[in-house]
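A.B. asks: Got a file for you: run.pdb, PDB, C-alpha atoms, pLDDT in the B column.
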ATOM      1  CA  MET A   1       0.000   0.000   0.000  1.00 84.00           C
ATOM      2  CA  LEU A   2       1.203   3.474  -0.878  1.00 95.00           C
ATOM      3  CA  CYS A   3       0.580   4.840   2.617  1.00 97.00           C
ATOM      4  CA  SER A   4       2.794   2.201   4.254  1.00 97.00           C
ATOM      5  CA  GLN A   5       5.563   3.018   1.777  1.00 98.00           C
ATOM      6  CA  VAL A   6       5.306   6.696   2.663  1.00 98.00           C
ATOM      7  CA  VAL A   7       5.440   5.806   6.357  1.00 98.00           C
ATOM      8  CA  SER A   8       8.706   3.923   5.764  1.00 98.00           C
ATOM      9  CA  ILE A   9      10.230   6.886   3.930  1.00 98.00           C
ATOM     10  CA  VAL A  10       9.146   9.306   6.642  1.00 98.00           C
ATOM     11  CA  ARG A  11      10.618   7.020   9.319  1.00 98.00           C
ATOM     12  CA  LEU A  12      13.907   6.881   7.401  1.00 98.00           C
ATOM     13  CA  THR A  13      13.964  10.681   7.310  1.00 98.00           C
ATOM     14  CA  GLY A  14      13.105  10.935  10.983  1.00 97.00           C
ATOM     15  CA  ASN A  15      15.951   8.590  11.853  1.00 97.00           C
ATOM     16  CA  PHE A  16      18.346  10.890   9.990  1.00 95.00           C
ATOM     17  CA  ILE A  17      17.054  13.918  11.913  1.00 95.00           C
ATOM     18  CA  ARG A  18      17.315  12.087  15.241  1.00 96.00           C
ATOM     19  CA  LYS A  19      20.925  11.145  14.509  1.00 92.00           C
ATOM     20  CA  GLU A  20      21.816  14.704  13.498  1.00 87.00           C
ATOM     21  CA  SER A  21      20.248  16.105  16.662  1.00 88.00           C
ATOM     22  CA  MET A  22      22.934  14.394  18.730  1.00 88.00           C
ATOM     23  CA  ASN A  23      25.765  16.374  17.143  1.00 81.00           C
ATOM     24  CA  PHE A  24      23.992  19.367  15.641  1.00 73.00           C
ATOM     25  CA  ASP A  25      26.282  22.070  14.238  1.00 67.00           C
ATOM     26  CA  ALA A  26      24.632  25.353  15.225  1.00 65.00           C
ATOM     27  CA  SER A  27      27.102  27.331  13.130  1.00 63.00           C
ATOM     28  CA  ARG A  28      25.264  26.154  10.017  1.00 64.00           C
ATOM     29  CA  ILE A  29      21.947  27.832  10.873  1.00 64.00           C
ATOM     30  CA  GLU A  30      20.559  30.164   8.228  1.00 62.00           C
ATOM     31  CA  PHE A  31      17.865  32.842   8.426  1.00 57.00           C
ATOM     32  CA  LYS A  32      15.146  32.917   5.769  1.00 51.00           C
ATOM     33  CA  GLY A  33      13.465  35.891   7.436  1.00 46.00           C
ATOM     34  CA  LEU A  34      12.704  37.352  10.836  1.00 42.00           C
ATOM     35  CA  ASN A  35      12.804  34.447  13.325  1.00 38.00           C
ATOM     36  CA  ASP A  36      12.478  32.041  10.369  1.00 45.00           C
ATOM     37  CA  LEU A  37      15.329  29.574  10.807  1.00 51.00           C
ATOM     38  CA  VAL A  38      16.589  26.772   8.600  1.00 59.00           C
ATOM     39  CA  SER A  39      19.463  24.342   9.006  1.00 73.00           C
ATOM     40  CA  TYR A  40      21.383  21.893   6.860  1.00 82.00           C
ATOM     41  CA  VAL A  41      19.290  19.198   8.565  1.00 87.00           C
ATOM     42  CA  ASP A  42      16.055  20.626   7.102  1.00 88.00           C
ATOM     43  CA  LYS A  43      17.539  20.676   3.616  1.00 89.00           C
ATOM     44  CA  GLN A  44      19.067  17.209   3.754  1.00 91.00           C
ATOM     45  CA  ALA A  45      15.900  15.741   5.256  1.00 94.00           C
ATOM     46  CA  GLU A  46      13.867  17.255   2.429  1.00 94.00           C
ATOM     47  CA  LYS A  47      16.255  15.761  -0.135  1.00 95.00           C
ATOM     48  CA  ILE A  48      15.825  12.316   1.426  1.00 96.00           C
ATOM     49  CA  LEU A  49      12.045  12.678   1.214  1.00 97.00           C
ATOM     50  CA  VAL A  50      12.005  13.949  -2.358  1.00 96.00           C
ATOM     51  CA  ASP A  51      14.458  11.346  -3.676  1.00 96.00           C
ATOM     52  CA  ASN A  52      12.425   8.499  -2.208  1.00 97.00           C
ATOM     53  CA  LEU A  53       8.900   9.807  -2.835  1.00 97.00           C
ATOM     54  CA  ILE A  54       9.554  10.516  -6.491  1.00 95.00           C
ATOM     55  CA  GLU A  55      10.384   6.846  -6.939  1.00 95.00           C
ATOM     56  CA  LEU A  56       6.897   5.951  -5.715  1.00 95.00           C
ATOM     57  CA  LEU A  57       5.180   8.339  -8.145  1.00 95.00           C
ATOM     58  CA  PRO A  58       7.605   9.538 -10.830  1.00 94.00           C
ATOM     59  CA  GLU A  59       4.961  11.830 -12.343  1.00 95.00           C
ATOM     60  CA  SER A  60       4.230  13.583  -9.052  1.00 95.00           C
ATOM     61  CA  GLY A  61       5.113  17.157  -8.166  1.00 95.00           C
ATOM     62  CA  PHE A  62       6.247  18.746  -4.932  1.00 96.00           C
ATOM     63  CA  ILE A  63       5.346  21.673  -2.711  1.00 94.00           C
ATOM     64  CA  THR A  64       8.171  21.875  -0.190  1.00 91.00           C
ATOM     65  CA  GLU A  65       9.286  24.275   2.514  1.00 79.00           C
ATOM     66  CA  GLU A  66      12.939  24.394   1.507  1.00 75.00           C
ATOM     67  CA  ASN A  67      12.400  24.497  -2.271  1.00 76.00           C
ATOM     68  CA  THR A  68      14.902  21.742  -3.016  1.00 75.00           C
ATOM     69  CA  ILE A  69      12.853  20.792  -6.081  1.00 80.00           C
ATOM     70  CA  ASN A  70      10.695  22.745  -8.514  1.00 77.00           C
ATOM     71  CA  LYS A  71       8.189  20.383 -10.070  1.00 85.00           C
ATOM     72  CA  LYS A  72       4.405  20.643 -10.393  1.00 87.00           C
ATOM     73  CA  GLY A  73       2.409  17.476 -10.966  1.00 88.00           C
ATOM     74  CA  GLU A  74      -0.736  17.441 -13.091  1.00 91.00           C
ATOM     75  CA  VAL A  75      -2.495  14.922 -10.847  1.00 95.00           C
ATOM     76  CA  TYR A  76      -0.348  14.171  -7.786  1.00 96.00           C
ATOM     77  CA  ASN A  77       1.582  16.569  -5.580  1.00 97.00           C
ATOM     78  CA  TRP A  78       3.464  15.939  -2.362  1.00 97.00           C
ATOM     79  CA  ILE A  79       3.272  18.666   0.296  1.00 97.00           C
ATOM     80  CA  ILE A  80       6.314  18.361   2.548  1.00 97.00           C
ATOM     81  CA  ASP A  81       7.707  19.874   5.710  1.00 96.00           C
ATOM     82  CA  PRO A  82      10.930  17.970   6.356  1.00 96.00           C
ATOM     83  CA  LEU A  83      11.364  19.362   9.873  1.00 95.00           C
ATOM     84  CA  ASP A  84       8.345  21.040  11.400  1.00 96.00           C
ATOM     85  CA  GLY A  85       9.596  22.693  14.564  1.00 93.00           C
ATOM     86  CA  THR A  86      13.036  23.781  13.377  1.00 89.00           C
ATOM     87  CA  THR A  87      13.388  26.331  16.182  1.00 88.00           C
ATOM     88  CA  ASN A  88      12.699  23.601  18.745  1.00 93.00           C
ATOM     89  CA  PHE A  89      15.260  21.355  17.027  1.00 91.00           C
ATOM     90  CA  ILE A  90      17.945  24.042  17.009  1.00 88.00           C
ATOM     91  CA  HIS A  91      17.431  24.804  20.692  1.00 88.00           C
ATOM     92  CA  GLY A  92      17.301  21.151  21.720  1.00 91.00           C
ATOM     93  CA  ILE A  93      13.617  21.107  22.623  1.00 94.00           C
ATOM     94  CA  PRO A  94      12.313  17.622  21.762  1.00 94.00           C
ATOM     95  CA  THR A  95       9.120  18.439  19.894  1.00 97.00           C
ATOM     96  CA  TYR A  96       9.544  18.401  16.124  1.00 97.00           C
ATOM     97  CA  SER A  97       8.282  16.269  13.296  1.00 98.00           C
ATOM     98  CA  VAL A  98       8.276  15.247   9.659  1.00 98.00           C
ATOM     99  CA  SER A  99       5.072  16.056   7.761  1.00 98.00           C
ATOM    100  CA  VAL A 100       4.136  14.604   4.356  1.00 98.00           C
ATOM    101  CA  ALA A 101       0.826  14.786   2.503  1.00 98.00           C
ATOM    102  CA  LEU A 102      -0.122  13.541  -0.946  1.00 98.00           C
ATOM    103  CA  TYR A 103      -2.768  15.436  -2.863  1.00 97.00           C
ATOM    104  CA  GLU A 104      -4.631  14.083  -5.889  1.00 97.00           C
ATOM    105  CA  HIS A 105      -6.326  16.838  -7.913  1.00 94.00           C
ATOM    106  CA  ASP A 106      -6.148  19.194  -4.923  1.00 90.00           C
ATOM    107  CA  GLN A 107      -7.662  16.643  -2.516  1.00 96.00           C
ATOM    108  CA  PRO A 108      -5.654  14.846   0.177  1.00 98.00           C
ATOM    109  CA  VAL A 109      -5.294  11.088  -0.127  1.00 98.00           C
ATOM    110  CA  VAL A 110      -2.408  10.356   2.260  1.00 98.00           C
ATOM    111  CA  GLY A 111      -1.140  12.148   5.369  1.00 98.00           C
ATOM    112  CA  VAL A 112       1.798  11.204   7.587  1.00 98.00           C
ATOM    113  CA  VAL A 113       3.195  13.023  10.634  1.00 98.00           C
ATOM    114  CA  TYR A 114       6.131  11.541  12.527  1.00 98.00           C
ATOM    115  CA  GLU A 115       6.862  12.898  16.003  1.00 98.00           C
ATOM    116  CA  ILE A 116      10.525  11.958  16.060  1.00 98.00           C
ATOM    117  CA  ASN A 117      11.547  11.956  19.708  1.00 96.00           C
ATOM    118  CA  LEU A 118       8.574   9.893  20.879  1.00 97.00           C
ATOM    119  CA  SER A 119       8.724   7.665  17.778  1.00 98.00           C
ATOM    120  CA  GLU A 120       5.021   8.284  17.180  1.00 98.00           C
ATOM    121  CA  MET A 121       3.892   7.763  13.599  1.00 98.00           C
ATOM    122  CA  PHE A 122       0.479   9.255  12.789  1.00 98.00           C
ATOM    123  CA  TYR A 123      -0.993   8.473   9.385  1.00 98.00           C
ATOM    124  CA  ALA A 124      -4.178   8.205   7.376  1.00 98.00           C
ATOM    125  CA  PHE A 125      -5.274   7.426   3.837  1.00 98.00           C
ATOM    126  CA  LYS A 126      -8.358   8.245   1.819  1.00 97.00           C
ATOM    127  CA  GLY A 127     -11.289   6.015   2.685  1.00 97.00           C
ATOM    128  CA  GLY A 128      -9.697   4.746   5.874  1.00 97.00           C
ATOM    129  CA  PRO A 129      -9.365   5.724   9.523  1.00 98.00           C
ATOM    130  CA  ALA A 130      -6.395   7.421  11.160  1.00 98.00           C
ATOM    131  CA  PHE A 131      -3.660   5.525  12.966  1.00 98.00           C
ATOM    132  CA  LEU A 132      -0.934   5.998  15.563  1.00 98.00           C
ATOM    133  CA  ASN A 133       1.772   3.344  15.396  1.00 98.00           C
ATOM    134  CA  GLY A 134      -0.667   0.907  13.816  1.00 97.00           C
ATOM    135  CA  LYS A 135      -3.566   1.484  16.207  1.00 98.00           C
ATOM    136  CA  GLU A 136      -6.695   3.290  15.073  1.00 98.00           C
ATOM    137  CA  ILE A 137      -7.249   6.692  16.673  1.00 98.00           C
ATOM    138  CA  GLN A 138     -10.164   9.080  17.018  1.00 98.00           C
ATOM    139  CA  VAL A 139     -10.672  12.624  18.197  1.00 98.00           C
ATOM    140  CA  SER A 140     -11.908  13.228  21.740  1.00 98.00           C
ATOM    141  CA  ASP A 141     -15.574  13.157  22.701  1.00 98.00           C
ATOM    142  CA  ARG A 142     -15.474  16.142  25.068  1.00 98.00           C
ATOM    143  CA  LYS A 143     -18.378  18.497  24.417  1.00 97.00           C
ATOM    144  CA  ALA A 144     -17.834  21.282  26.950  1.00 95.00           C
ATOM    145  CA  LEU A 145     -15.024  23.767  26.407  1.00 96.00           C
ATOM    146  CA  ALA A 146     -14.542  23.849  30.179  1.00 95.00           C
ATOM    147  CA  ASP A 147     -13.322  20.229  29.994  1.00 96.00           C
ATOM    148  CA  CYS A 148     -10.973  20.760  27.057  1.00 97.00           C
ATOM    149  CA  LEU A 149      -7.260  21.262  26.519  1.00 98.00           C
ATOM    150  CA  LEU A 150      -6.471  23.578  23.603  1.00 97.00           C
ATOM    151  CA  ALA A 151      -3.316  24.189  21.584  1.00 97.00           C
ATOM    152  CA  THR A 152      -2.158  27.141  19.557  1.00 94.00           C
ATOM    153  CA  GLY A 153       0.873  28.680  17.910  1.00 89.00           C
ATOM    154  CA  PHE A 154       2.255  32.169  18.383  1.00 79.00           C
ATOM    155  CA  PRO A 155       3.080  34.401  15.400  1.00 69.00           C
ATOM    156  CA  TYR A 156       6.822  34.820  14.998  1.00 62.00           C
ATOM    157  CA  TYR A 157       7.083  37.308  12.152  1.00 60.00           C
ATOM    158  CA  ASN A 158       3.602  38.456  11.104  1.00 62.00           C
ATOM    159  CA  PHE A 159       2.223  40.349  14.089  1.00 65.00           C
ATOM    160  CA  GLU A 160      -0.773  42.070  12.502  1.00 72.00           C
ATOM    161  CA  LYS A 161      -3.238  40.020  14.568  1.00 73.00           C
ATOM    162  CA  GLN A 162      -1.170  39.984  17.738  1.00 77.00           C
ATOM    163  CA  GLU A 163      -3.425  42.253  19.784  1.00 81.00           C
ATOM    164  CA  ALA A 164      -6.563  40.306  18.885  1.00 83.00           C
ATOM    165  CA  TYR A 165      -4.698  37.056  19.505  1.00 84.00           C
ATOM    166  CA  MET A 166      -3.635  38.060  23.000  1.00 85.00           C
ATOM    167  CA  LYS A 167      -7.177  39.053  23.886  1.00 87.00           C
ATOM    168  CA  LEU A 168      -8.434  35.717  22.575  1.00 89.00           C
ATOM    169  CA  PHE A 169      -5.815  33.865  24.666  1.00 86.00           C
ATOM    170  CA  GLY A 170      -6.875  35.786  27.756  1.00 87.00           C
ATOM    171  CA  GLU A 171     -10.481  34.836  27.233  1.00 90.00           C
ATOM    172  CA  LEU A 172      -9.968  31.184  26.306  1.00 92.00           C
ATOM    173  CA  MET A 173      -7.525  30.410  29.099  1.00 89.00           C
ATOM    174  CA  GLN A 174     -10.332  31.159  31.550  1.00 91.00           C
ATOM    175  CA  LYS A 175     -12.774  28.880  29.713  1.00 92.00           C
ATOM    176  CA  CYS A 176     -10.810  25.617  29.375  1.00 94.00           C
ATOM    177  CA  HIS A 177      -8.318  23.338  31.130  1.00 95.00           C
ATOM    178  CA  GLY A 178      -5.438  25.223  29.531  1.00 93.00           C
ATOM    179  CA  LEU A 179      -3.648  26.398  26.396  1.00 95.00           C
ATOM    180  CA  ARG A 180      -0.485  24.719  25.090  1.00 95.00           C
ATOM    181  CA  ARG A 181       2.093  25.867  22.542  1.00 94.00           C
ATOM    182  CA  LEU A 182       4.350  23.006  21.410  1.00 96.00           C
ATOM    183  CA  GLY A 183       6.087  24.664  18.462  1.00 95.00           C
ATOM    184  CA  SER A 184       5.127  22.172  15.746  1.00 97.00           C
ATOM    185  CA  ALA A 185       1.749  22.625  14.069  1.00 97.00           C
ATOM    186  CA  ALA A 186       1.948  19.133  12.579  1.00 98.00           C
ATOM    187  CA  VAL A 187       2.291  17.639  16.070  1.00 98.00           C
ATOM    188  CA  ASP A 188      -0.517  19.854  17.399  1.00 98.00           C
ATOM    189  CA  LEU A 189      -2.819  18.507  14.703  1.00 98.00           C
ATOM    190  CA  ALA A 190      -1.757  14.915  15.317  1.00 98.00           C
ATOM    191  CA  TYR A 191      -2.570  15.390  18.991  1.00 98.00           C
ATOM    192  CA  VAL A 192      -6.054  16.630  18.085  1.00 98.00           C
ATOM    193  CA  ALA A 193      -6.482  13.520  15.941  1.00 98.00           C
ATOM    194  CA  CYS A 194      -5.691  11.163  18.827  1.00 98.00           C
ATOM    195  CA  GLY A 195      -7.676  13.110  21.429  1.00 98.00           C
ATOM    196  CA  ARG A 196      -4.867  14.643  23.488  1.00 98.00           C
ATOM    197  CA  PHE A 197      -5.921  18.114  22.418  1.00 98.00           C
ATOM    198  CA  ASP A 198      -9.559  18.942  21.791  1.00 98.00           C
ATOM    199  CA  ALA A 199      -8.835  21.863  19.468  1.00 98.00           C
ATOM    200  CA  PHE A 200      -5.905  23.683  17.867  1.00 98.00           C
ATOM    201  CA  PHE A 201      -5.816  27.064  16.158  1.00 95.00           C
ATOM    202  CA  GLU A 202      -3.148  29.191  14.506  1.00 93.00           C
ATOM    203  CA  TYR A 203      -2.760  31.702  11.686  1.00 89.00           C
ATOM    204  CA  ASN A 204      -0.063  32.547   9.125  1.00 88.00           C
ATOM    205  CA  LEU A 205       0.696  28.899   8.414  1.00 92.00           C
ATOM    206  CA  ASN A 206       1.794  27.428   5.103  1.00 93.00           C
ATOM    207  CA  SER A 207       0.360  24.386   3.372  1.00 95.00           C
ATOM    208  CA  TRP A 208       3.329  22.207   4.326  1.00 95.00           C
ATOM    209  CA  ASP A 209       2.762  22.976   8.022  1.00 95.00           C
ATOM    210  CA  ILE A 210      -0.788  21.646   8.095  1.00 97.00           C
ATOM    211  CA  ALA A 211      -1.713  19.594   5.002  1.00 98.00           C
ATOM    212  CA  ALA A 212      -0.857  16.186   6.458  1.00 98.00           C
ATOM    213  CA  GLY A 213      -2.039  16.871  10.002  1.00 98.00           C
ATOM    214  CA  ALA A 214      -5.338  18.378   8.911  1.00 98.00           C
ATOM    215  CA  PHE A 215      -6.122  15.313   6.804  1.00 98.00           C
ATOM    216  CA  ILE A 216      -5.297  12.999   9.710  1.00 98.00           C
ATOM    217  CA  VAL A 217      -7.659  14.987  11.960  1.00 98.00           C
ATOM    218  CA  GLN A 218     -10.454  14.663   9.395  1.00 98.00           C
ATOM    219  CA  GLN A 219      -9.927  10.914   9.026  1.00 98.00           C
ATOM    220  CA  ALA A 220      -9.993  10.622  12.824  1.00 98.00           C
ATOM    221  CA  GLY A 221     -13.457  12.179  12.878  1.00 98.00           C
ATOM    222  CA  GLY A 222     -12.509  15.788  13.543  1.00 98.00           C
ATOM    223  CA  ARG A 223     -13.342  19.041  11.804  1.00 98.00           C
ATOM    224  CA  ILE A 224     -11.075  21.522  10.039  1.00 98.00           C
ATOM    225  CA  SER A 225     -11.943  25.110   9.132  1.00 97.00           C
ATOM    226  CA  ASN A 226     -10.564  28.625   8.986  1.00 95.00           C
ATOM    227  CA  PHE A 227     -11.371  31.235  11.625  1.00 92.00           C
ATOM    228  CA  LYS A 228     -14.702  31.967   9.910  1.00 93.00           C
ATOM    229  CA  GLY A 229     -15.746  28.334  10.062  1.00 94.00           C
ATOM    230  CA  THR A 230     -15.474  27.672   6.317  1.00 95.00           C
ATOM    231  CA  ALA A 231     -13.387  25.068   4.528  1.00 94.00           C
ATOM    232  CA  GLU A 232     -10.727  27.304   2.953  1.00 94.00           C
ATOM    233  CA  PHE A 233      -8.131  26.933   5.684  1.00 95.00           C
ATOM    234  CA  ILE A 234      -5.054  26.595   3.465  1.00 94.00           C
ATOM    235  CA  GLU A 235      -6.033  29.553   1.297  1.00 93.00           C
ATOM    236  CA  ALA A 236      -6.847  31.680   4.341  1.00 90.00           C
ATOM    237  CA  ARG A 237      -3.585  30.645   6.057  1.00 90.00           C
ATOM    238  CA  GLU A 238      -5.471  30.080   9.296  1.00 91.00           C
ATOM    239  CA  ILE A 239      -6.777  26.892  10.827  1.00 96.00           C
ATOM    240  CA  LEU A 240      -9.074  25.647  13.543  1.00 97.00           C
ATOM    241  CA  ALA A 241      -8.911  21.893  14.080  1.00 98.00           C
ATOM    242  CA  SER A 242     -11.252  20.339  16.598  1.00 98.00           C
ATOM    243  CA  ASN A 243     -13.066  17.225  17.676  1.00 98.00           C
ATOM    244  CA  GLY A 244     -16.125  18.642  15.902  1.00 97.00           C
ATOM    245  CA  LEU A 245     -17.961  19.125  19.187  1.00 98.00           C
ATOM    246  CA  VAL A 246     -16.389  22.319  20.560  1.00 97.00           C
ATOM    247  CA  ASP A 247     -15.546  24.162  17.338  1.00 94.00           C
ATOM    248  CA  ALA A 248     -18.757  26.219  17.389  1.00 95.00           C
ATOM    249  CA  GLU A 249     -17.916  27.529  20.857  1.00 95.00           C
ATOM    250  CA  VAL A 250     -14.302  28.328  19.916  1.00 95.00           C
ATOM    251  CA  LEU A 251     -15.435  29.966  16.659  1.00 95.00           C
ATOM    252  CA  ALA A 252     -17.788  32.207  18.607  1.00 93.00           C
ATOM    253  CA  TYR A 253     -14.864  33.575  20.612  1.00 92.00           C
ATOM    254  CA  MET A 254     -12.791  33.924  17.455  1.00 90.00           C
ATOM    255  CA  ASP A 255     -15.562  35.783  15.706  1.00 88.00           C
ATOM    256  CA  SER A 256     -15.724  38.406  18.428  1.00 85.00           C
ATOM    257  CA  HIS A 257     -12.001  39.106  18.100  1.00 81.00           C
ATOM    258  CA  PHE A 258     -11.144  38.563  14.429  1.00 76.00           C
ATOM    259  CA  ASN A 259     -14.288  39.000  12.347  1.00 70.00           C
ATOM    260  CA  SER A 260     -16.193  41.804  14.061  1.00 59.00           C
TER     261      SER A 260
END
Could you rewrite the structure in this file as structure tokens?
C.D. replies:
Amino acid sequence: MLCSQVVSIVRLTGNFIRKESMNFDASRIEFKGLNDLVSYVDKQAEKILVDNLIELLPESGFITEENTINKKGEVYNWIIDPLDGTTNFIHGIPTYSVSVALYEHDQPVVGVVYEINLSEMFYAFKGGPAFLNGKEIQVSDRKALADCLLATGFPYYNFEKQEAYMKLFGELMQKCHGLRRLGSAAVDLAYVACGRFDAFFEYNLNSWDIAAGAFIVQQAGGRISNFKGTAEFIEAREILASNGLVDAEVLAYMDSHFNS
């Protein structure tokens, strides 16, 4: 099965990243923009992914964070983040992941997120459920926001919504069990899929940050939208992922801060 082959390639890439983390050379960090870091590990990991995935589907194209390849597929396109959580990786914080999605005619058919340090492989394929290390997973069944644990991400270079964001944080942290910020959107989404988080929201994300994780959430029974509650989350560069039971309540708070 194609999905299992992708899982093997992602695991291979994750093993490379884990090995490099033990003797990481911080002098080889580059800056793509304000607080936007990249390392030789990101680039090499992406090359490993591309070289192996193109063998599975030679006609496929790629949308990648590090732009190691420029190829658009007519039917199939891989959306890749070779190291989601680069800042965590560079600083030795053990939450980062590999994220790979396959799209067929602009619709996801495979999603894989590998949380490297815990060796947790999340994956899903079209028409099937979502899995964590071979066991089927589902989103949580918590219905009241007061019983929920939420996750988010903080803007690190686009601060236009910062004031509204901080007000939203202040309101939500009084309405739920807590807010967490792990530093890897792909991991946040995977945790929604398996029920650890009940909802996750963030803005200013790229397709490679969320394509795989969002698909896994959907296959696990969750709901994905933008901050207005509509389906165009990649185009809007904002995402709310939830168990499908608390999204209306979270959206109501969002609406008062972002859409009024």
A.B. asks: Hey, what's within 6 Å of range 229-239 of chain A if we count only C-alpha atoms and toss same-chain stuff fewer than 3 positions away? As a list in words, please?
C.D. replies: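 These residues fall inside the cut-off: Phe201, Glu202, Tyr203, Asn204, Leu205, Ser207, Ser225 and Asn226 of chain A.
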A.B. asks: Give as a PDB file with C-alpha atoms, keeping the file's coordinate frame the set of residues within 12 Å of the point (-9.9, 4.2, 8.8), where distances use the file's coordinates and all atoms listed in the file.
C.D. replies:
ATOM      1  CA  VAL A 110      -2.408  10.356   2.260  1.00 98.00           C
ATOM      2  CA  TYR A 123      -0.993   8.473   9.385  1.00 98.00           C
ATOM      3  CA  ALA A 124      -4.178   8.205   7.376  1.00 98.00           C
ATOM      4  CA  PHE A 125      -5.274   7.426   3.837  1.00 98.00           C
ATOM      5  CA  LYS A 126      -8.358   8.245   1.819  1.00 97.00           C
ATOM      6  CA  GLY A 127     -11.289   6.015   2.685  1.00 97.00           C
ATOM      7  CA  GLY A 128      -9.697   4.746   5.874  1.00 97.00           C
ATOM      8  CA  PRO A 129      -9.365   5.724   9.523  1.00 98.00           C
ATOM      9  CA  ALA A 130      -6.395   7.421  11.160  1.00 98.00           C
ATOM     10  CA  PHE A 131      -3.660   5.525  12.966  1.00 98.00           C
ATOM     11  CA  LEU A 132      -0.934   5.998  15.563  1.00 98.00           C
ATOM     12  CA  GLY A 134      -0.667   0.907  13.816  1.00 97.00           C
ATOM     13  CA  LYS A 135      -3.566   1.484  16.207  1.00 98.00           C
ATOM     14  CA  GLU A 136      -6.695   3.290  15.073  1.00 98.00           C
ATOM     15  CA  ILE A 137      -7.249   6.692  16.673  1.00 98.00           C
ATOM     16  CA  GLN A 138     -10.164   9.080  17.018  1.00 98.00           C
ATOM     17  CA  PHE A 215      -6.122  15.313   6.804  1.00 98.00           C
ATOM     18  CA  ILE A 216      -5.297  12.999   9.710  1.00 98.00           C
ATOM     19  CA  VAL A 217      -7.659  14.987  11.960  1.00 98.00           C
ATOM     20  CA  GLN A 218     -10.454  14.663   9.395  1.00 98.00           C
ATOM     21  CA  GLN A 219      -9.927  10.914   9.026  1.00 98.00           C
ATOM     22  CA  ALA A 220      -9.993  10.622  12.824  1.00 98.00           C
ATOM     23  CA  GLY A 221     -13.457  12.179  12.878  1.00 98.00           C
TER      24      GLY A 221
END
A.B. asks: I need the output of the PyMOL selection byres ((chain A and resi 179) around 8) for this file as a list in words; which residues are they?
C.D. replies: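 In the shown coordinates, the PyMOL selection byres ((chain A and resi 179) around 8) covers Leu149, Leu150, Ala151, Thr152, Phe169, Leu172, Met173, Cys176, His177, Gly178, Arg180 and Arg181 of chain A.
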A.B. asks: Measuring between only C-alpha atoms, which one of A:His105, A:His257, A:Arg142, A:Lys19 shows the shortest distance to Ser242 in chain A?
C.D. replies: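 Of all the options, A:Arg142 lies closest to Ser242 in chain A.
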A.B. asks: Measure the distance from CA of Asp198 in chain A to CA of Asn243 in chain A in Å and round it to one decimal.
C.D. replies: 5.7 Å
A.B. asks: Once the PyMOL selection byres ((chain A and resi 96) around 10) has been evaluated on this model, what residues remain selected, and can you format them as a PyMOL selection string?
C.D. replies: chain A and resi 14+17+82-89+92-95+97-99+113-118+182-187
A.B. asks: Which distance in Å separates CA of Val10 in chain A and CA of Phe154 in chain A, to one decimal?
C.D. replies: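 One can read the CA of Val10 in chain A to CA of Phe154 in chain A distance as 26.6 Å.
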A.B. asks: Distance CA of Leu251 in chain A-CA of Gly222 in chain A, one decimal place?
C.D. replies: 14.8 Å
A.B. asks: Out of A:Ile79, A:Ala146, A:Met121, A:Val7, which residue has the shortest atom-to-atom distance to Tyr103 in chain A when counting only C-alpha atoms?
C.D. replies: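 Selected residue with least distance to Tyr103 in chain A: A:Ile79.
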A.B. asks: Could you pull the residues within 9 Å of Lys43 in chain A, counting all atoms listed in the file, minus those fewer than 4 positions along the same chain, as a ChimeraX atom specification?
C.D. replies: /A:38-39,47-48,66-68,82-83
A.B. asks: Kindly indicate which residue among A:Leu102, A:Tyr40, A:Ala45, A:Val250 lies nearest to Leu57 in chain A, using only C-alpha atoms for the distances.
C.D. replies: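 Nearest candidate to Leu57 in chain A out of A:Leu102, A:Tyr40, A:Ala45, A:Val250: A:Leu102.
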A.B. asks: With distances taken over all atoms listed in the file, which residue among A:Ile224, A:Ala101, A:Ile69, A:Val75 lies nearest Leu2 in chain A?
C.D. replies: A:Ala101
A.B. asks: Nearest to Phe197 in chain A: which of A:Ile210, A:Val139, A:Arg223, A:Gly244 is it, counting all atoms listed in the file?
C.D. replies: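 Answer, going by the shortest atom-to-atom distance: A:Val139.
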A.B. asks: Given the file shown, determine the residues that the PyMOL selection byres ((chain A and resi 49) around 9) selects; report them as number ranges by chain.
C.D. replies: A: 9-10, 12-13, 44-48, 50-54, 80, 82, 100
